[in-house]
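File shown here: final_4.cif, holding mmCIF, C-alpha atoms.
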data_final
#
loop_
_atom_site.label_atom_id
_atom_site.label_comp_id
_atom_site.auth_asym_id
_atom_site.auth_seq_id
_atom_site.Cartn_x
_atom_site.Cartn_y
_atom_site.Cartn_z
CA LYS A 1 0.00 0.00 0.00
CA ASN A 2 1.31 3.45 -0.91
CA GLU A 3 1.98 5.73 2.00
CA VAL A 4 0.33 8.59 0.06
CA GLU A 5 -2.85 7.81 -1.84
CA GLN A 6 -4.69 10.22 -4.09
CA SER A 7 -8.19 9.98 -5.45
CA PRO A 8 -9.45 10.08 -8.03
CA GLN A 9 -6.62 9.09 -10.35
CA ASN A 10 -8.35 10.74 -13.29
CA LEU A 11 -11.03 13.40 -13.32
CA THR A 12 -12.87 15.06 -16.18
CA ALA A 13 -15.01 18.09 -15.42
CA GLN A 14 -16.98 20.71 -17.28
CA GLU A 15 -15.86 24.30 -17.11
CA GLY A 16 -17.30 25.99 -14.05
CA GLU A 17 -17.61 22.87 -11.93
CA PHE A 18 -16.35 22.65 -8.37
CA ILE A 19 -13.57 20.09 -8.13
CA THR A 20 -12.23 18.16 -5.16
CA ILE A 21 -9.08 16.07 -5.16
CA ASN A 22 -8.30 13.98 -2.12
CA CYS A 23 -5.07 12.85 -0.50
CA SER A 24 -4.76 10.34 2.33
CA TYR A 25 -1.52 9.39 3.99
CA SER A 26 -0.53 6.73 6.47
CA VAL A 27 2.60 8.25 8.02
CA GLY A 28 3.21 11.01 10.51
CA ILE A 29 3.97 14.22 8.70
CA SER A 30 5.43 17.63 9.37
CA ALA A 31 4.05 19.19 6.19
CA LEU A 32 1.94 18.40 3.15
CA HIS A 33 2.36 19.97 -0.26
CA TRP A 34 0.06 20.30 -3.22
CA LEU A 35 1.82 20.61 -6.56
CA GLN A 36 0.56 21.20 -10.08
CA GLN A 37 2.35 19.57 -13.01
CA HIS A 38 1.53 21.06 -16.38
CA PRO A 39 1.20 18.97 -19.54
CA GLY A 40 4.67 20.14 -20.57
CA GLY A 41 6.12 18.70 -17.37
CA GLY A 42 6.78 21.85 -15.35
CA ILE A 43 5.89 21.77 -11.66
CA VAL A 44 4.37 24.58 -9.63
CA SER A 45 4.06 24.53 -5.88
CA LEU A 46 0.49 25.45 -4.91
CA PHE A 47 0.35 25.06 -1.14
CA MET A 48 2.32 23.89 1.84
CA LEU A 49 0.13 22.95 4.81
CA SER A 50 0.73 21.73 8.31
CA SER A 51 -2.75 22.47 9.65
CA GLY A 52 -6.05 24.09 8.79
CA LYS A 53 -6.84 25.65 5.47
CA LYS A 54 -5.22 27.87 2.86
CA LYS A 55 -6.75 29.75 -0.04
CA HIS A 56 -5.16 31.24 -3.12
CA GLY A 57 -7.44 32.58 -5.79
CA ARG A 58 -9.80 29.79 -6.85
CA LEU A 59 -7.78 27.14 -5.04
CA ILE A 60 -8.44 25.99 -1.49
CA ALA A 61 -6.44 23.37 0.40
CA THR A 62 -7.45 21.81 3.67
CA ILE A 63 -5.81 19.31 5.95
CA ASN A 64 -7.13 17.20 8.82
CA ILE A 65 -4.14 15.95 10.78
CA GLN A 66 -6.17 13.58 12.96
CA GLU A 67 -7.74 11.89 9.95
CA LYS A 68 -4.50 12.05 7.89
CA HIS A 69 -6.36 13.55 4.98
CA SER A 70 -6.07 16.61 2.79
CA SER A 71 -8.24 17.99 0.02
CA LEU A 72 -7.58 20.38 -2.81
CA HIS A 73 -10.60 22.24 -4.12
CA ILE A 74 -10.87 24.22 -7.32
CA THR A 75 -13.82 26.57 -7.60
CA ALA A 76 -15.20 27.67 -10.99
CA SER A 77 -12.86 25.34 -12.86
CA HIS A 78 -11.40 26.43 -16.17
CA PRO A 79 -9.70 24.52 -19.01
CA ARG A 80 -6.39 26.08 -17.99
CA ASP A 81 -6.68 24.16 -14.69
CA SER A 82 -6.10 20.96 -16.68
CA ALA A 83 -2.98 19.41 -15.19
CA VAL A 84 -1.77 16.67 -12.87
CA TYR A 85 -2.20 17.58 -9.21
CA ILE A 86 0.26 15.94 -6.86
CA CYS A 87 0.11 15.55 -3.10
CA ALA A 88 3.45 15.15 -1.31
CA VAL A 89 4.23 14.78 2.38
CA ARG A 90 7.31 15.32 4.48
CA SER A 91 7.48 12.61 7.10
CA ARG A 92 9.92 11.73 9.81
CA THR A 93 10.98 8.16 10.37
CA SER A 94 13.71 7.03 12.75
CA GLY A 95 15.11 10.52 13.02
CA THR A 96 15.33 11.22 9.32
CA TYR A 97 12.96 13.10 7.07
CA LYS A 98 11.71 11.81 3.79
CA TYR A 99 9.47 13.20 1.12
CA ILE A 100 6.78 10.91 -0.28
CA PHE A 101 4.82 11.77 -3.38
CA GLY A 102 1.42 10.58 -4.49
CA THR A 103 0.94 9.32 -8.02
CA GLY A 104 -1.09 12.37 -8.94
CA THR A 105 -4.61 13.15 -10.09
CA ARG A 106 -4.95 13.93 -13.76
CA LEU A 107 -7.57 16.64 -14.22
CA LYS A 108 -9.09 17.60 -17.53
CA VAL A 109 -11.50 20.52 -17.63
CA LEU A 110 -13.61 20.73 -20.77
CA ALA A 111 -14.81 24.02 -22.22
CA GLU B 112 8.86 36.92 -10.92
CA PRO B 113 12.05 35.16 -9.74
CA GLU B 114 12.75 31.82 -11.40
CA VAL B 115 14.78 28.70 -10.79
CA THR B 116 16.83 28.06 -13.92
CA GLN B 117 18.00 24.62 -14.97
CA THR B 118 20.47 23.78 -17.69
CA PRO B 119 20.59 21.98 -19.99
CA SER B 120 16.93 21.35 -20.76
CA HIS B 121 17.81 18.04 -22.37
CA GLN B 122 20.97 15.96 -22.11
CA VAL B 123 21.80 12.72 -23.84
CA THR B 124 24.71 10.75 -22.46
CA GLN B 125 26.28 7.35 -22.92
CA MET B 126 25.96 4.78 -20.16
CA GLY B 127 28.90 4.98 -17.78
CA GLN B 128 29.57 8.66 -18.45
CA GLU B 129 29.45 11.35 -15.79
CA VAL B 130 26.84 14.08 -16.06
CA ILE B 131 26.40 17.33 -14.20
CA LEU B 132 22.99 18.93 -14.07
CA ARG B 133 22.98 22.59 -13.20
CA CYS B 134 20.52 24.74 -11.34
CA VAL B 135 20.48 28.41 -10.40
CA PRO B 136 18.11 28.78 -7.45
CA ILE B 137 16.38 31.98 -6.48
CA SER B 138 19.02 34.22 -4.98
CA ASN B 139 17.69 34.69 -1.45
CA HIS B 140 16.47 31.12 -1.00
CA LEU B 141 18.13 28.96 1.61
CA TYR B 142 16.94 25.42 0.90
CA PHE B 143 17.68 23.52 -2.28
CA TYR B 144 16.31 20.26 -3.58
CA TRP B 145 16.68 17.75 -6.38
CA TYR B 146 13.82 15.50 -7.50
CA ARG B 147 13.48 13.12 -10.38
CA GLN B 148 10.58 11.75 -12.37
CA ILE B 149 11.00 8.68 -14.51
CA LEU B 150 8.72 8.86 -17.53
CA GLY B 151 5.20 7.86 -16.60
CA GLN B 152 6.02 7.51 -12.90
CA LYS B 153 5.61 9.69 -9.86
CA VAL B 154 8.00 12.35 -8.69
CA GLU B 155 10.71 11.09 -6.31
CA PHE B 156 12.75 13.05 -3.82
CA LEU B 157 16.52 12.78 -4.15
CA VAL B 158 18.19 15.24 -1.80
CA SER B 159 17.84 18.46 0.12
CA PHE B 160 20.66 20.91 0.83
CA TYR B 161 20.91 23.64 3.44
CA ASN B 162 23.77 25.65 4.86
CA ASN B 163 26.22 24.09 2.42
CA GLU B 164 25.51 20.54 3.36
CA ILE B 165 23.07 17.74 2.64
CA SER B 166 20.22 17.83 5.14
CA GLU B 167 18.19 14.88 3.85
CA LYS B 168 18.57 12.27 1.16
CA SER B 169 16.53 9.37 -0.12
CA GLU B 170 17.53 5.76 -0.71
CA ILE B 171 17.88 6.64 -4.40
CA PHE B 172 20.66 9.11 -3.64
CA ASP B 173 23.50 6.61 -3.40
CA ASP B 174 27.25 7.00 -3.90
CA GLN B 175 26.71 7.59 -7.61
CA PHE B 176 25.12 10.93 -6.83
CA SER B 177 26.57 14.08 -5.35
CA VAL B 178 25.50 17.69 -4.98
CA GLU B 179 27.50 20.88 -4.73
CA ARG B 180 26.98 24.58 -4.43
CA PRO B 181 30.35 25.53 -5.86
CA ASP B 182 30.06 29.30 -6.11
CA GLY B 183 27.16 30.39 -3.93
CA SER B 184 24.75 30.64 -6.85
CA ASN B 185 24.81 27.39 -8.80
CA PHE B 186 23.52 24.13 -7.32
CA THR B 187 24.65 21.04 -9.19
CA LEU B 188 23.72 17.38 -9.24
CA LYS B 189 26.44 15.02 -10.45
CA ILE B 190 25.83 11.44 -11.48
CA ARG B 191 29.21 9.71 -11.62
CA SER B 192 28.60 6.74 -13.88
CA THR B 193 25.19 6.91 -15.48
CA LYS B 194 22.98 3.86 -15.90
CA LEU B 195 20.09 3.37 -18.26
CA GLU B 196 17.69 3.59 -15.31
CA ASP B 197 18.94 7.11 -14.52
CA SER B 198 16.99 8.33 -17.54
CA ALA B 199 14.43 10.72 -16.11
CA MET B 200 13.40 14.33 -15.76
CA TYR B 201 15.40 15.95 -12.99
CA PHE B 202 13.86 18.92 -11.20
CA CYS B 203 15.64 21.40 -9.00
CA ALA B 204 13.68 23.45 -6.47
CA SER B 205 14.51 26.14 -3.96
CA SER B 206 12.69 27.52 -0.96
CA LEU B 207 12.89 30.14 1.77
CA GLY B 208 11.20 27.68 4.13
CA SER B 209 7.60 27.59 3.02
CA GLY B 210 6.56 26.85 -0.52
CA TYR B 211 8.88 25.87 -3.27
CA THR B 212 9.83 27.20 -6.67
CA PHE B 213 10.66 24.51 -9.19
CA GLY B 214 12.86 24.74 -12.23
CA SER B 215 11.55 23.55 -15.55
CA GLY B 216 13.64 20.41 -15.39
CA THR B 217 16.43 18.66 -17.27
CA ARG B 218 15.47 15.62 -19.27
CA LEU B 219 18.35 13.15 -19.01
CA THR B 220 18.47 10.33 -21.52
CA VAL B 221 21.08 7.62 -20.98
CA VAL B 222 21.77 5.51 -24.05
#
I'd like the structure from this file rewritten - as C-alpha cells, please.
Amino acid sequence: KNEVEQSPQNLTAQEGEFITINCSYSVGISALHWLQQHPGGGIVSLFMLSSGKKKHGRLIATINIQEKHSSLHITASHPRDSAVYICAVRSRTSGTYKYIFGTGTRLKVLA
Amino acid sequence: EPEVTQTPSHQVTQMGQEVILRCVPISNHLYFYWYRQILGQKVEFLVSFYNNEISEKSEIFDDQFSVERPDGSNFTLKIRSTKLEDSAMYFCASSLGSGYTFGSGTRLTVV
C-alpha cells in the first residue's frame, strides 16, 4: 500500500464545476504539499500545509491531521486548470525526514 | 517573478559517463532540492541541501550521486557513472522555508 494515496486518479469536469481532489496518507507528517504539473512537465508549488486551510485565488487546500487527509478544491474550474495535481508529504521516520509523493490526479476541464 | 533556472533542458549521455545537471536557485532562497521523475512515474525526492551541506537524502541518492553549491549561486547534481535507469526528468527546487519554486527540469536520456 502506498503511504500517500490520491483519489481520483483521473477526473474530467466541465468548465465551471467545483472540483475536489483527495489525498490520504498513512505516516506522521510535518508538512503536506500540493503541486501542479503542467502537460509540458513543469511543476508549480500550490500550497504547503501543516494544519487548517489555505486559499489562493480559486484554489483551497485543507488538511485534517487527525484523519490524515487533505483535500484540494478548485472553484469555478477552467480549461487552464487541466494538469496533474500531486500531493506530497514530508514525514519523519527514525530521526530522518523523507518526502513521499502521491501518483497524482490527472484533471481535464472541458470548455 | 524570480525563477529557478536549470540547464541543460535536455541531455543525452552514454551509459557509464558522468553528467552534471545545473541549477540556479532563487538568490535569497536557503533550501535547495533535487527531484526526479522517470517517464510515466511519480516524482521522487533525491536530496535536500541547506547551509552548504546535505540535510536529507533518499535511498535513491546513493554514492553515484553528489551535490554541490560551488560558487554560492549554482547548485549542481552530479551522477558519476550513469545507468540506463537514470533516464528521467530531474527537477531542482529552492525555498525560503515555506513553498517551493521549481525549475523547468532537465530531461536526461542515458543511451
Up to 10 Å from chain A, what residues of chain B turn up? Count only C-alpha atoms and give them as JSON, numbers by chain. {"B": [146, 148, 151, 152, 153, 154, 155, 156, 157, 158, 159, 166, 167, 168, 169, 170, 200, 202, 204, 208, 209, 210, 211, 212, 213, 214, 215, 216]}
Report, in Å to a single decimal, how far apart CA of Phe172 in chain B and CA of Lys194 in chain B are. 13.5 Å
Evaluate the PyMOL selection byres ((chain B and resi 124-133) around 8) and record the selected residues as a list in words, following the chain and residue labels used in the document. Gln117, Thr118, Pro119, Gln122, Val123, Cys134, Val135, Asn185, Phe186, Thr187, Leu188, Lys189, Ile190, Arg191, Ser192, Thr193, Lys194, Leu195, Thr217, Leu219, Thr220, Val221 and Val222 of chain B
Would you kindly return, as number ranges by chain, each protein, DNA or RNA residue with an atom no farther than 7 Å from any atom of Ser7 in chain A, considering all atoms listed in the file and excluding same-chain residues fewer than 2 positions away? A: 5, 9, 21-23, 105
Report the residues retrieved by the PyMOL selection byres ((chain A and resi 2) around 9) from the displayed file, expressed as an NGL selection string. :A and (1 or 3-5 or 25-26 or 102)
For the residues in that selection, give me C-alpha atoms as a PDB file, keeping the file's coordinate frame.
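Saved result, selection32.pdb, follows:
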ATOM      1  CA  LYS A   1       0.000   0.000   0.000  1.00  0.00           C
ATOM      2  CA  GLU A   3       1.980   5.730   2.000  1.00  0.00           C
ATOM      3  CA  VAL A   4       0.330   8.590   0.060  1.00  0.00           C
ATOM      4  CA  GLU A   5      -2.850   7.810  -1.840  1.00  0.00           C
ATOM      5  CA  TYR A  25      -1.520   9.390   3.990  1.00  0.00           C
ATOM      6  CA  SER A  26      -0.530   6.730   6.470  1.00  0.00           C
ATOM      7  CA  GLY A 102       1.420  10.580  -4.490  1.00  0.00           C
TER       8      GLY A 102
END
Distance CA of Ile165 in chain B-CA of Ser51 in chain A, one decimal place?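 Atom-to-atom, CA of Ile165 in chain B and CA of Ser51 in chain A are spaced 27.2 Å apart.
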So, counting only C-alpha atoms, which residue among A:His38, A:Arg106, A:Arg90, A:Lys53 is closest to Leu72 in chain A?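 The answer is A:Lys53, which sits nearest to Leu72 in chain A.
Picture a line from CA of Ser120 in chain B to CA of Leu207 in chain B; it runs 24.5 Å.
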Which residues fall under the PyMOL selection byres ((chain B and resi 139) around 12) in this file, as a list in words?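 Checked against the file, the PyMOL selection byres ((chain B and resi 139) around 12) matches Pro113, Glu114, Val115, Val135, Pro136, Ile137, Ser138, His140, Leu141, Tyr142, Phe143, Gly183, Ser184, Ser205, Ser206, Leu207 and Gly208 of chain B.
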Give me the residues within 12 Å of Gly57 in chain A as a list in words, counting only C-alpha atoms and dropping any in the same chain fewer than 4 places off. Leu46, Phe47, Ala61, His73, Ile74, Thr75, Ala76 and Ser77 of chain A
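When all atoms listed in the file are used to compute distances to Gly28 in chain A, the closest of the residues A:Val84, A:Ala111, A:Ala13, A:Val89 turns out to be A:Val89.
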Would you compute an axis-aligned box for range 75-85 of chain A, covering every atom listed for it in the file with 5 Å of margin on each side, and report centre and edge lengths in Å to one decimal as AutoDock Vina command-line options?
--center_x -8.5 --center_y 22.2 --center_z -13.3 --size_x 23.4 --size_y 21.0 --size_z 21.4
Can you list, as a PDB file with C-alpha atoms, in the frame of the given file, every protein, DNA or RNA residue that comes within 8 Å of Asn163 in chain B when you count all atoms listed in the file, leaving out same-chain residues fewer than 3 positions away?
ATOM      1  CA  PHE B 160      20.660  20.910   0.830  1.00  0.00           C
ATOM      2  CA  GLU B 179      27.500  20.880  -4.730  1.00  0.00           C
ATOM      3  CA  ARG B 180      26.980  24.580  -4.430  1.00  0.00           C
TER       4      ARG B 180
END
Counting all atoms listed in the file, which of B:Trp145, B:Leu150, B:Glu196, B:Asn162 gets nearest to Arg218 in chain B?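 Closest to Arg218 in chain B of all the choices is B:Leu150.
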Closest to Ile63 in chain A among A:Leu32, A:Leu11, A:Ile19, A:Leu110, using all atoms listed in the file? A:Leu32
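Of the listed residues B:Asp173, B:Asp182, B:Asp197, B:Glu112, the one whose atoms come nearest to Ile149 in chain B is B:Asp197, with distances taken using only C-alpha atoms.
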